Every structure is written in structure tokens, then in C-alpha cells.
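> So here's protein_4.tsv, just TSV, C-alpha atoms:
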```
chain	number	residue	atom	x	y	z
A	90	MET	CA	-1.08	-0.24	-32.85
A	91	ASN	CA	-1.70	0.34	-29.15
A	92	ASN	CA	-2.70	-2.56	-26.90
A	93	GLY	CA	-4.36	-2.27	-23.48
A	94	THR	CA	-4.40	-4.71	-20.54
A	95	ASN	CA	-3.45	-4.95	-16.87
A	96	LEU	CA	-1.43	-7.15	-14.53
A	97	GLN	CA	-4.43	-9.23	-13.49
A	98	ARG	CA	-5.09	-10.23	-17.09
A	99	ILE	CA	-1.41	-10.91	-17.76
A	100	PHE	CA	-1.24	-13.51	-14.97
A	101	PRO	CA	-4.75	-15.00	-15.11
A	102	THR	CA	-3.75	-18.25	-13.38
A	103	CYS	CA	-1.79	-16.66	-10.51
A	104	SER	CA	-3.15	-15.96	-7.07
A	105	ARG	CA	-3.74	-12.21	-7.00
A	106	ARG	CA	-1.48	-12.01	-3.92
A	107	ARG	CA	1.48	-13.13	-6.00
A	108	LEU	CA	1.18	-10.45	-8.67
A	109	LEU	CA	3.00	-7.59	-6.98
A	110	ALA	CA	5.72	-9.81	-5.56
A	111	ALA	CA	6.38	-11.56	-8.86
A	112	SER	CA	8.87	-10.07	-11.30
A	113	GLY	CA	7.25	-11.81	-14.24
A	114	VAL	CA	7.39	-11.16	-17.96
A	115	LEU	CA	4.75	-8.70	-19.08
A	116	VAL	CA	3.29	-8.18	-22.54
A	117	ALA	CA	3.77	-4.58	-23.71
A	118	SER	CA	0.57	-2.75	-23.03
A	119	LYS	CA	-1.27	0.32	-21.93
A	120	LEU	CA	-2.30	-0.22	-18.33
A	121	ALA	CA	-6.08	-0.05	-18.03
A	122	GLY	CA	-7.96	-0.65	-14.77
A	123	LEU	CA	-5.34	-0.64	-12.00
A	124	ASN	CA	-7.78	-1.48	-9.22
A	125	GLY	CA	-7.61	-5.24	-9.71
A	126	VAL	CA	-4.09	-5.75	-8.30
A	127	SER	CA	-3.31	-6.32	-4.66
A	128	ALA	CA	-0.65	-7.29	-2.17
A	129	ASP	CA	0.97	-10.73	-2.01
A	130	ASP	CA	-0.43	-11.61	1.38
A	131	GLU	CA	0.42	-15.30	1.75
A	132	PRO	CA	-0.45	-16.60	5.23
A	133	ASP	CA	3.20	-17.03	6.20
A	134	SER	CA	3.99	-13.47	5.12
A	135	VAL	CA	1.15	-12.09	7.21
A	136	GLU	CA	2.74	-13.26	10.43
A	137	THR	CA	4.86	-10.27	11.29
A	138	LYS	CA	8.03	-10.85	13.26
A	139	THR	CA	7.90	-10.05	16.96
A	140	SER	CA	10.86	-9.29	19.18
A	141	GLU	CA	11.40	-11.25	22.37
A	142	THR	CA	11.95	-8.11	24.41
A	143	LYS	CA	9.65	-5.21	23.62
A	144	SER	CA	10.77	-1.63	24.20
A	145	VAL	CA	8.64	0.49	26.51
A	146	ASN	CA	7.02	3.72	25.36
A	147	GLU	CA	5.45	5.73	28.19
A	148	SER	CA	4.21	8.65	26.05
A	149	PRO	CA	1.04	9.01	23.93
A	150	GLU	CA	3.15	9.39	20.78
A	151	PRO	CA	4.53	6.51	18.72
A	152	ALA	CA	8.21	5.80	19.41
A	153	TYR	CA	10.80	4.05	17.28
A	154	THR	CA	13.56	1.52	17.75
A	155	ASP	CA	17.06	1.87	16.33
A	156	SER	CA	17.12	1.53	12.57
A	157	LYS	CA	18.05	-1.54	10.52
A	158	THR	CA	19.85	-1.04	7.21
A	159	LEU	CA	18.39	-2.86	4.20
A	160	GLN	CA	19.46	-2.83	0.55
A	161	TRP	CA	16.79	-3.12	-2.15
A	162	ARG	CA	16.88	-3.01	-5.94
A	163	LEU	CA	13.96	-1.86	-8.08
A	164	GLY	CA	13.68	-1.36	-11.79
A	165	LEU	CA	12.94	-3.11	-15.06
A	166	LYS	CA	14.43	-5.20	-17.86
A	167	LEU	CA	12.93	-4.86	-21.33
A	168	ARG	CA	13.40	-6.94	-24.51
A	169	THR	CA	11.52	-6.38	-27.75
A	170	PRO	CA	11.25	-8.46	-30.93
A	171	VAL	CA	9.58	-5.54	-32.74
A	172	THR	CA	10.23	-1.83	-33.13
A	173	PHE	CA	8.07	0.42	-30.97
A	174	THR	CA	7.72	4.13	-30.19
A	175	ASN	CA	6.31	6.22	-27.34
A	176	GLY	CA	7.24	3.69	-24.67
A	177	LEU	CA	6.43	4.62	-21.08
A	178	ALA	CA	7.12	2.46	-18.01
A	179	THR	CA	6.28	3.30	-14.40
A	180	PHE	CA	6.79	1.55	-11.08
A	181	PRO	CA	6.35	2.54	-7.42
A	182	ILE	CA	9.46	3.32	-5.37
A	183	PRO	CA	9.86	3.78	-1.60
A	184	MET	CA	9.90	7.20	0.04
A	185	ASP	CA	10.62	8.62	3.49
A	186	TRP	CA	8.21	8.06	6.38
A	187	PRO	CA	8.73	8.49	10.14
A	188	GLU	CA	9.71	4.82	10.42
A	189	GLN	CA	11.66	4.73	7.16
A	190	SER	CA	14.49	6.72	5.52
A	191	VAL	CA	15.35	6.11	1.87
A	192	THR	CA	18.60	6.88	0.03
A	193	VAL	CA	19.41	6.14	-3.61
A	194	THR	CA	22.84	4.46	-3.65
A	195	GLY	CA	23.22	3.44	-7.28
A	196	ARG	CA	21.74	3.52	-10.74
A	197	GLU	CA	22.35	1.29	-13.76
A	198	VAL	CA	20.88	2.36	-17.09
A	199	SER	CA	21.55	0.68	-20.42
A	200	GLY	CA	19.72	1.09	-23.71
A	201	SER	CA	17.73	3.86	-25.35
A	202	VAL	CA	16.14	5.52	-22.32
A	203	THR	CA	15.17	9.09	-23.19
A	204	GLN	CA	13.45	10.13	-19.96
A	205	MET	CA	13.93	9.30	-16.29
A	206	GLN	CA	12.08	11.10	-13.54
A	207	VAL	CA	10.49	10.60	-10.15
A	208	ARG	CA	7.09	12.06	-9.36
A	209	ASP	CA	5.21	12.23	-6.09
A	210	LEU	CA	1.51	11.40	-6.29
A	211	PRO	CA	-0.90	13.16	-3.91
A	212	GLY	CA	-1.86	10.92	-1.03
A	213	GLY	CA	1.42	9.16	-0.18
A	214	ALA	CA	3.13	7.47	-3.14
A	215	ARG	CA	6.22	7.98	-5.30
A	216	GLN	CA	6.60	6.69	-8.83
A	217	ALA	CA	9.55	6.24	-11.22
A	218	VAL	CA	8.73	7.23	-14.80
A	219	ILE	CA	10.85	5.84	-17.66
A	220	GLY	CA	10.36	7.18	-21.18
A	221	ILE	CA	11.57	5.42	-24.35
A	222	ALA	CA	11.06	7.46	-27.53
A	223	ARG	CA	11.94	4.59	-29.84
A	224	MET	CA	13.33	1.08	-29.49
A	225	THR	CA	14.30	-1.02	-32.48
A	226	ALA	CA	13.56	-4.69	-32.96
A	227	ASN	CA	15.70	-7.30	-31.19
A	228	THR	CA	17.19	-4.89	-28.68
A	229	SER	CA	17.02	-4.64	-24.89
A	230	LEU	CA	17.45	-2.17	-22.06
A	231	GLU	CA	17.70	-2.12	-18.26
A	232	VAL	CA	16.96	0.43	-15.57
A	233	LEU	CA	18.01	-0.67	-12.08
A	234	LEU	CA	17.85	1.58	-9.01
A	235	ASP	CA	19.58	0.64	-5.75
A	236	TYR	CA	18.19	1.91	-2.44
A	237	GLN	CA	19.47	1.91	1.11
A	238	ILE	CA	16.51	1.79	3.47
A	239	GLU	CA	16.80	2.54	7.17
A	240	LYS	CA	13.79	0.85	8.76
A	241	ARG	CA	12.62	1.31	12.36
A	242	ASP	CA	10.07	-0.68	14.33
A	243	ILE	CA	7.20	1.30	15.87
A	244	ILE	CA	6.63	1.04	19.63
A	245	ALA	CA	3.04	1.39	20.82
A	246	PRO	CA	2.23	4.30	23.15
A	247	GLY	CA	1.88	3.49	26.82
A	248	LEU	CA	-0.23	6.55	27.65
A	249	THR	CA	-3.38	6.46	25.52
A	250	GLU	CA	-6.02	8.09	27.75
A	251	THR	CA	-5.21	11.56	26.37
A	252	LEU	CA	-5.71	10.55	22.72
A	253	VAL	CA	-8.92	11.76	21.05
A	254	VAL	CA	-10.69	11.61	17.70
A	255	PRO	CA	-9.71	14.75	15.74
A	256	PRO	CA	-12.43	17.36	16.40
A	257	ARG	CA	-11.70	18.91	13.00
A	258	ILE	CA	-10.49	17.03	9.91
A	259	LEU	CA	-7.66	18.95	8.27
A	260	ARG	CA	-7.56	19.31	4.49
A	261	GLU	CA	-4.62	16.91	4.15
A	262	LEU	CA	-6.53	14.25	6.11
A	263	ARG	CA	-9.76	14.40	4.12
A	264	VAL	CA	-8.43	11.93	1.55
A	265	TYR	CA	-8.39	9.37	4.39
A	266	MET	CA	-12.11	9.81	5.06
A	267	GLY	CA	-15.08	8.63	3.04
A	268	SER	CA	-15.00	5.92	0.40
A	269	SER	CA	-12.06	4.71	-1.67
A	270	PRO	CA	-11.74	2.02	-4.36
A	271	MET	CA	-12.88	-1.26	-2.73
A	272	ILE	CA	-13.47	0.56	0.59
A	273	ASP	CA	-17.24	1.05	0.41
A	274	THR	CA	-17.62	3.03	3.60
A	275	THR	CA	-21.29	3.87	2.98
A	276	HIS	CA	-22.46	0.27	2.44
A	277	ARG	CA	-25.47	-0.51	4.62
A	278	GLN	CA	-23.84	-3.50	6.36
A	279	ILE	CA	-20.74	-1.49	7.22
A	280	ARG	CA	-22.91	1.38	8.43
A	281	ALA	CA	-24.95	-1.02	10.57
A	282	LEU	CA	-21.87	-2.51	12.21
A	283	SER	CA	-20.51	1.00	12.76
A	284	ARG	CA	-23.67	2.00	14.61
A	285	GLU	CA	-23.45	-1.14	16.72
A	286	LEU	CA	-19.83	-0.38	17.61
A	287	ALA	CA	-20.72	3.24	18.39
A	288	VAL	CA	-23.32	2.12	20.93
A	289	ALA	CA	-20.78	-0.18	22.54
A	290	SER	CA	-18.33	2.74	22.75
A	291	GLU	CA	-20.71	5.13	24.50
A	292	ALA	CA	-19.72	3.87	27.94
A	293	ASP	CA	-16.02	4.25	27.10
A	294	THR	CA	-14.84	7.71	26.08
A	295	SER	CA	-11.35	6.54	25.18
A	296	ALA	CA	-10.63	6.98	21.47
A	297	TRP	CA	-7.93	4.32	21.74
A	298	GLN	CA	-10.43	1.77	23.05
A	299	THR	CA	-12.89	2.76	20.32
A	300	VAL	CA	-10.34	1.87	17.64
A	301	ARG	CA	-9.29	-1.25	19.53
A	302	ARG	CA	-12.93	-2.36	19.55
A	303	ILE	CA	-13.06	-1.92	15.75
A	304	PHE	CA	-9.78	-3.85	15.41
A	305	ASP	CA	-11.04	-6.76	17.53
A	306	ARG	CA	-14.39	-6.88	15.74
A	307	VAL	CA	-12.78	-7.09	12.28
A	308	ARG	CA	-10.62	-10.01	13.41
A	309	GLN	CA	-13.69	-11.61	15.00
A	310	GLU	CA	-15.99	-11.18	12.00
A	311	VAL	CA	-13.52	-12.08	9.21
A	312	THR	CA	-11.47	-15.26	9.00
A	313	TYR	CA	-8.27	-15.03	6.98
A	314	THR	CA	-8.89	-16.73	3.62
A	315	GLU	CA	-7.35	-16.14	0.21
A	316	GLY	CA	-9.67	-15.25	-2.63
A	317	PRO	CA	-10.43	-12.77	-5.40
A	318	ILE	CA	-10.29	-9.05	-4.74
A	319	ARG	CA	-13.53	-7.75	-3.22
A	320	ASN	CA	-15.09	-4.78	-1.50
A	321	ALA	CA	-14.79	-4.41	2.25
A	322	SER	CA	-18.52	-5.13	2.58
A	323	ASP	CA	-18.06	-8.48	0.81
A	324	ALA	CA	-15.53	-9.59	3.41
A	325	LEU	CA	-17.95	-8.57	6.17
A	326	ASN	CA	-20.87	-10.33	4.50
A	327	ASP	CA	-18.95	-13.54	3.76
A	328	GLY	CA	-16.99	-13.61	7.00
A	329	LYS	CA	-13.73	-14.30	5.21
A	330	GLY	CA	-10.98	-12.34	3.50
A	331	ASP	CA	-7.25	-11.79	3.18
A	332	CYS	CA	-5.05	-9.05	4.64
A	333	GLU	CA	-6.23	-6.58	2.00
A	334	ASP	CA	-9.93	-7.28	2.65
A	335	MET	CA	-9.51	-7.12	6.43
A	336	THR	CA	-7.50	-3.90	6.19
A	337	SER	CA	-10.16	-2.36	3.93
A	338	LEU	CA	-12.90	-3.24	6.42
A	339	PHE	CA	-10.94	-1.81	9.35
A	340	VAL	CA	-10.34	1.42	7.42
A	341	ALA	CA	-14.03	1.68	6.45
A	342	LEU	CA	-15.19	1.23	10.06
A	343	CYS	CA	-12.70	3.78	11.37
A	344	ARG	CA	-13.85	6.35	8.83
A	345	ASN	CA	-17.46	5.78	9.86
A	346	ALA	CA	-16.36	6.61	13.40
A	347	GLU	CA	-14.88	9.92	12.07
A	348	ILE	CA	-11.35	8.57	12.55
A	349	PRO	CA	-8.95	9.04	9.60
A	350	ALA	CA	-7.51	5.71	8.47
A	351	ARG	CA	-5.49	4.46	5.52
A	352	MET	CA	-3.81	1.40	4.04
A	353	VAL	CA	-0.04	0.81	4.18
A	354	TRP	CA	1.48	-1.25	1.36
A	355	ILE	CA	4.70	-3.25	1.63
A	356	PRO	CA	6.05	-6.04	-0.61
A	357	GLY	CA	3.72	-8.98	-0.15
A	358	HIS	CA	1.41	-7.49	2.46
A	359	CYS	CA	-0.65	-4.53	3.65
A	360	TYR	CA	-1.89	-3.26	7.02
A	361	PRO	CA	-3.83	-0.21	8.28
A	362	GLU	CA	-2.98	2.98	10.16
A	363	PHE	CA	-5.36	5.20	12.13
A	364	TYR	CA	-4.95	8.84	13.17
A	365	LEU	CA	-5.58	10.33	16.63
A	366	GLU	CA	-4.68	13.61	18.34
A	367	GLN	CA	-3.77	14.52	21.90
A	368	ARG	CA	-6.53	16.18	23.89
A	369	GLY	CA	-6.12	19.95	23.78
A	370	GLY	CA	-3.00	19.69	21.66
A	371	GLY	CA	-4.50	20.85	18.39
A	372	SER	CA	-3.79	19.56	14.90
A	373	ASP	CA	-0.02	19.59	15.49
A	374	SER	CA	-0.42	16.86	18.11
A	375	GLY	CA	-1.80	14.22	15.73
A	376	HIS	CA	-0.03	10.95	14.91
A	377	TRP	CA	-0.60	7.85	12.81
A	378	TYR	CA	-0.67	4.50	14.62
A	379	PRO	CA	-0.36	1.13	12.83
A	380	CYS	CA	-2.01	-2.19	13.54
A	381	GLN	CA	-2.10	-5.63	11.96
A	382	ALA	CA	-5.59	-6.42	10.67
A	383	ALA	CA	-4.51	-9.91	9.55
A	384	GLY	CA	-1.80	-11.89	11.30
A	385	SER	CA	-0.09	-11.17	14.61
A	386	ASP	CA	-2.06	-9.20	17.20
A	387	LEU	CA	-0.20	-5.93	16.83
A	388	PHE	CA	-2.12	-2.79	17.79
A	389	GLY	CA	-0.45	0.63	17.84
A	390	GLU	CA	2.89	-1.01	17.05
A	391	MET	CA	4.63	-2.61	14.10
A	392	GLN	CA	7.69	-4.84	13.72
A	393	GLU	CA	8.34	-5.07	10.01
A	394	ASP	CA	11.56	-5.07	7.95
A	395	ARG	CA	9.99	-4.85	4.50
A	396	PRO	CA	10.07	-1.34	3.00
A	397	ILE	CA	6.94	0.77	2.77
A	398	LEU	CA	6.05	1.30	-0.88
A	399	GLN	CA	3.13	3.66	-0.31
A	400	LYS	CA	0.54	4.78	2.20
A	401	GLY	CA	-3.02	5.46	1.18
A	402	ASP	CA	-5.82	3.92	-0.88
A	403	ARG	CA	-7.03	6.70	-3.18
A	404	PHE	CA	-4.52	7.81	-5.80
A	405	LYS	CA	-4.90	9.81	-9.01
A	406	ILE	CA	-2.39	8.82	-11.70
A	407	PRO	CA	-1.70	11.41	-14.42
A	408	GLY	CA	-3.38	10.32	-17.63
A	409	HIS	CA	-5.89	8.02	-15.93
A	410	ARG	CA	-9.48	8.98	-15.21
A	411	LYS	CA	-10.26	6.66	-12.30
A	412	MET	CA	-8.89	6.72	-8.79
A	413	VAL	CA	-6.87	3.64	-7.83
A	414	ARG	CA	-6.15	2.08	-4.44
A	415	TYR	CA	-2.58	1.07	-5.22
A	416	ILE	CA	0.15	2.20	-7.63
A	417	VAL	CA	1.28	-0.80	-9.67
A	418	GLU	CA	3.92	-1.32	-12.33
A	419	SER	CA	2.82	-0.36	-15.85
A	420	PHE	CA	4.10	-0.24	-19.42
A	421	ARG	CA	2.63	1.00	-22.66
A	422	CYS	CA	3.91	1.66	-26.17
A	423	ASP	CA	2.96	1.96	-29.83
A	424	ARG	CA	4.38	-1.10	-31.58
A	425	SER	CA	4.71	-1.95	-35.24
A	426	GLY	CA	4.77	-5.47	-36.67
A	427	ASN	CA	4.01	-8.79	-35.04
A	428	GLY	CA	5.26	-9.66	-31.60
A	429	ASP	CA	5.10	-8.05	-28.18
A	430	PRO	CA	7.81	-6.40	-26.11
A	431	LYS	CA	8.51	-8.29	-22.89
A	432	ILE	CA	9.15	-6.36	-19.67
A	433	GLU	CA	10.27	-7.75	-16.32
A	434	PHE	CA	9.84	-5.51	-13.28
A	435	ILE	CA	12.46	-5.98	-10.58
A	436	ARG	CA	11.78	-5.67	-6.85
A	437	GLU	CA	14.19	-7.58	-4.66
A	438	GLN	CA	16.18	-7.31	-1.45
A	439	VAL	CA	19.89	-7.61	-2.17
A	440	LEU	CA	21.25	-7.34	1.38
```
Can the structure in the file be given as C-alpha cells, please?

Amino acid sequence: MNNGTNLQRIFPTCSRRRLLAASGVLVASKLAGLNGVSADDEPDSVETKTSETKSVNESPEPAYTDSKTLQWRLGLKLRTPVTFTNGLATFPIPMDWPEQSVTVTGREVSGSVTQMQVRDLPGGARQAVIGIARMTANTSLEVLLDYQIEKRDIIAPGLTETLVVPPRILRELRVYMGSSPMIDTTHRQIRALSRELAVASEADTSAWQTVRRIFDRVRQEVTYTEGPIRNASDALNDGKGDCEDMTSLFVALCRNAEIPARMVWIPGHCYPEFYLEQRGGGSDSGHWYPCQAAGSDLFGEMQEDRPILQKGDRFKIPGHRKMVRYIVESFRCDRSGNGDPKIEFIREQVL
């Protein structure tokens, strides 16, 4: 017997922003329809910390502060009242980015694990894959991975006049253009607002100011409000949305302006990045710049201690037909008898 469900159905009474932060008990299942899960963007978690004294960056490139060392533990705990076969569990794990360095410092494995591997998914995500050939009734197992994460704040550039929209979109950047799940870039209302913003930008040739105008307009048009997951156009139409909705709208408007943009996912929150190049510098001069669509007014900079889990909003998972916007925890198996295996995914800061 093979059951199918997803995290949204498992926690039907929870706010969708709590799903990824919760390490709840999951019914054994085959994950179906990953698009309905989002970040835990509670209002207090949206307010990013700000330092009293900001560092100065006088170049057009992003700069970084000294790193802070964080210890995180990720993994799973599994108990089953029935025998099952062909068990497969997956969960996202952090990877290196310019503002983040990741080192595995420990691993605890107990029980009948027959496969452990890490795979990189095209677009900016890394996933742990745990295989369990067979697990007998009334047994348990654990897989816990310890990570040391060196995290650096991003300092906004002080010289932005030389930054331009990329004249040619490189192959590796094309995934950050066009539509993605829940980012309906071609929706008529988003297109209409994009045209309005383009007219306003004609008198200002600065690419930085063009993106800033998009940033300000999103925060003007959409009031932060929790609610069910929706398309970017829904947030624009309703005038309300959470950090995920506001980030999606910002990304959609940037892409309409021919500016690559993507979502950045951290525990409990998400925010966008946009990509610009230096005038005359070619494709090697391009950089990603973050901003805070919901919360503190951070543009081109980011002060955030939580680890980056993935960057992007259009992922293809092996074995799944549809593209997803975020890599979530999953578990599936073939069980025999009555009862469901219970799995608890772990994601916690330990130091």
C-alpha cells in the first residue's frame, strides 16, 4: 500500500507559515504537490536585525562583514508501528553562498539506513536523501547532521551609477526570468504595473533606481498580512500579502523589467535578490543584491543570522513531474498492515 499526501494536508489547522519551521510528526506518505508549502514568516520574524553602526561600502559590488559562527542541526527521527519497505526521506540542507560557508561537523545515524547521499538540484538547492530498504514494526531510527555555518552580513554598494541591467541574459540566469510556480509574471495586472513603472523610469537611466522604484511600489501596494498561499498577482489585486507574496511580486516585476530576480529561503522567512552588472564589465561583472520585500527597509543589503536553505523559485525534483518553488521535507514508503510510520524532521539552532 502506498499513500500520498503533503505537508499542507498533514497540518491542516496550522498557519502555512509555521509548516517549515515546525518539526512536527508526519504520517508516512509519498509527497505529492510540493507547491503548497511556504516560509514561516511571522511578523516578528520579518523584522530583520539592524546594526547600530553600518559598515561603508564605496564600490558597486556587494561587500561583507566579518563572519559569525552558528551551529545548526538538521535531520529526522522515525518511528513505525508497522513494517514497511522502500522508504525514502529527503530534506533541504544549507550550501555555500558568497555570504555563507557551510561545514559538516558531525553525523549521528542509528537504525536501518541503507542509503545516505547529498544531491544538488539545478537552480540553487541541496537535498539530503535517506534510503531505508526495510524497517520492521515497532522500531525507530535517527539521522542527525550537524553543521557549522559562517554567516556574513551584506553591505550595500555605495557606488551604484555604473550598474546596468544585463544586456544579455546568460544561460545560467535564464531560470531567474519568466514565470515560476506562484510567480505569474505574465499576468495582465503585473504587466500593467510593469509598464507604468517603465514609464516612470524613462527619465532615470539608473538601473539601481529602477529596481528601487519596484521595491518601493511593492511595499506601497501590498500591506503585510498573513493568509493562504497565493499567486503574486493575487497579492497585487488584494493589496495584502505576507513576505512570500511580496517577494513573489517583487521578483515578477523585476523579471518584466528584464532584470533577473529570485527568492531566497531561510528558516521562517524569505526575501528577494536581483542581479545587475557593471557598465562595460561584461558578464563577469554581475552580482546579486538582496532586499527585504517585507519588514525592515533593507535595499541592497542584508543583516540576517539565519542560514540560507536555498536560492531560487523553480526547482525540478527527480521523480516529480511538476516544478516547485521550494524544496520541502518529504517521506514515502510502501507499508504493510494497519498504522502509519511517524517521522519528525529536525531543523534547529544548537549554538
> What are the closest atom pairs, with distances in Å to one decimal, for each residue of region 379-399 of chain A lying within 9 Å of region 164-185 of chain A, using all atoms listed in the file, rows by chain and rising residue number, as CSV?

```
residue,atom,partner,partner_atom,distance
A:Pro396,CA,A:Pro183,CA,6.9
A:Ile397,CA,A:Pro183,CA,6.1
A:Leu398,CA,A:Pro183,CA,4.6
A:Gln399,CA,A:Pro183,CA,6.9
```
> Let me know the centre plus edge lengths, in Å and rounded to one decimal, of a box with edges along x, y and z that contains all listed atoms of region 412-419 of chain A and is padded by 8 Å on every side, as AutoDock Vina command-line options.

```
--center_x -2.5 --center_y 2.7 --center_z -10.1 --size_x 28.8 --size_y 24.0 --size_z 27.4
```
> Give me, as JSON lines, the closest atom pair and its distance (Å, one decimal) for every residue of region 234-282 of chain A within a cut-off of 6 Å of region 333-347 of chain A, counting only C-alpha atoms, rows sorted by chain and rising number.

```
{"residue": "A:Met266", "atom": "CA", "partner": "A:Arg344", "partner_atom": "CA", "distance": 5.4}
{"residue": "A:Ile272", "atom": "CA", "partner": "A:Ser337", "partner_atom": "CA", "distance": 5.5}
{"residue": "A:Thr274", "atom": "CA", "partner": "A:Ala341", "partner_atom": "CA", "distance": 4.8}
```
> Please produce an output containing C-alpha atoms for each residue in the selection, written as a tab-separated table (two decimals), in the frame of the given file.

```
chain	number	residue	atom	x	y	z
A	266	MET	CA	-12.11	9.81	5.06
A	272	ILE	CA	-13.47	0.56	0.59
A	274	THR	CA	-17.62	3.03	3.60
```
> Enumerate, as an NGL selection string, the protein, DNA and RNA residues whose atoms approach (7.7, -5.5, -0.5) to within 6 Å, taking into account only C-alpha atoms and the coordinate frame of the file.
:A and (355-357 or 395-396)
> Could you state the separation of CA of Leu286 (chain A) and CA of Ser322 (chain A) in Å, given to one decimal place?
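CA of Ser322 (chain A) lies 15.8 Å from CA of Leu286 (chain A).
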> Quick one: residues within 12 Å of Thr299 (chain A), all atoms listed in the file counted, chain neighbours fewer than 3 positions away excluded, as number ranges by chain?
A: 249-250, 252-254, 283, 285-296, 302-306, 342-343, 345-348, 363, 365
> Near Val311 (chain A), within 7 Å and counting only C-alpha atoms, which residues show up once chain neighbours fewer than 3 positions away are dropped, as a list in words?
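So, after excluding close chain neighbours, the residues are Val307, Arg308, Ala324, Leu325, Gly328, Lys329, Gly330 and Met335 of chain A.
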> Tell me which residues come within 9 Å of (-1.3, 9.2, 17.4), as a ChimeraX atom specification, counting all atoms listed in the file in the file's coordinates.
/A:149-151,246,249,252-253,363-367,374-378,389
> Please identify all polymer residues within 12 Å of Met391 (chain A), counting only C-alpha atoms, omitting same-chain residues fewer than 5 positions from it, and present them as an mmCIF file with C-alpha atoms, keeping the file's coordinate frame.

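Written out: part35.cif:
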```
data_model
loop_
_atom_site.group_PDB
_atom_site.id
_atom_site.type_symbol
_atom_site.label_atom_id
_atom_site.label_comp_id
_atom_site.auth_asym_id
_atom_site.auth_seq_id
_atom_site.Cartn_x
_atom_site.Cartn_y
_atom_site.Cartn_z
ATOM 1 C CA GLU A 136 2.740 -13.260 10.430
ATOM 2 C CA THR A 137 4.860 -10.270 11.290
ATOM 3 C CA LYS A 138 8.030 -10.850 13.260
ATOM 4 C CA THR A 139 7.900 -10.050 16.960
ATOM 5 C CA SER A 140 10.860 -9.290 19.180
ATOM 6 C CA LYS A 143 9.650 -5.210 23.620
ATOM 7 C CA SER A 144 10.770 -1.630 24.200
ATOM 8 C CA PRO A 151 4.530 6.510 18.720
ATOM 9 C CA ALA A 152 8.210 5.800 19.410
ATOM 10 C CA TYR A 153 10.800 4.050 17.280
ATOM 11 C CA THR A 154 13.560 1.520 17.750
ATOM 12 C CA GLU A 188 9.710 4.820 10.420
ATOM 13 C CA LYS A 240 13.790 0.850 8.760
ATOM 14 C CA ARG A 241 12.620 1.310 12.360
ATOM 15 C CA ASP A 242 10.070 -0.680 14.330
ATOM 16 C CA ILE A 243 7.200 1.300 15.870
ATOM 17 C CA ILE A 244 6.630 1.040 19.630
ATOM 18 C CA ALA A 245 3.040 1.390 20.820
ATOM 19 C CA PRO A 246 2.230 4.300 23.150
ATOM 20 C CA VAL A 353 -0.040 0.810 4.180
ATOM 21 C CA CYS A 359 -0.650 -4.530 3.650
ATOM 22 C CA TYR A 360 -1.890 -3.260 7.020
ATOM 23 C CA PRO A 361 -3.830 -0.210 8.280
ATOM 24 C CA GLU A 362 -2.980 2.980 10.160
ATOM 25 C CA TRP A 377 -0.600 7.850 12.810
ATOM 26 C CA TYR A 378 -0.670 4.500 14.620
ATOM 27 C CA PRO A 379 -0.360 1.130 12.830
ATOM 28 C CA CYS A 380 -2.010 -2.190 13.540
ATOM 29 C CA GLN A 381 -2.100 -5.630 11.960
ATOM 30 C CA ALA A 382 -5.590 -6.420 10.670
ATOM 31 C CA GLY A 384 -1.800 -11.890 11.300
ATOM 32 C CA SER A 385 -0.090 -11.170 14.610
ATOM 33 C CA ASP A 386 -2.060 -9.200 17.200
#
```
> What does the distance from CA of Ala383 (chain A) to CA of Cys332 (chain A) come to in Å, to one decimal?
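According to the coordinates, CA of Ala383 (chain A) and CA of Cys332 (chain A) are separated by 5.0 Å.
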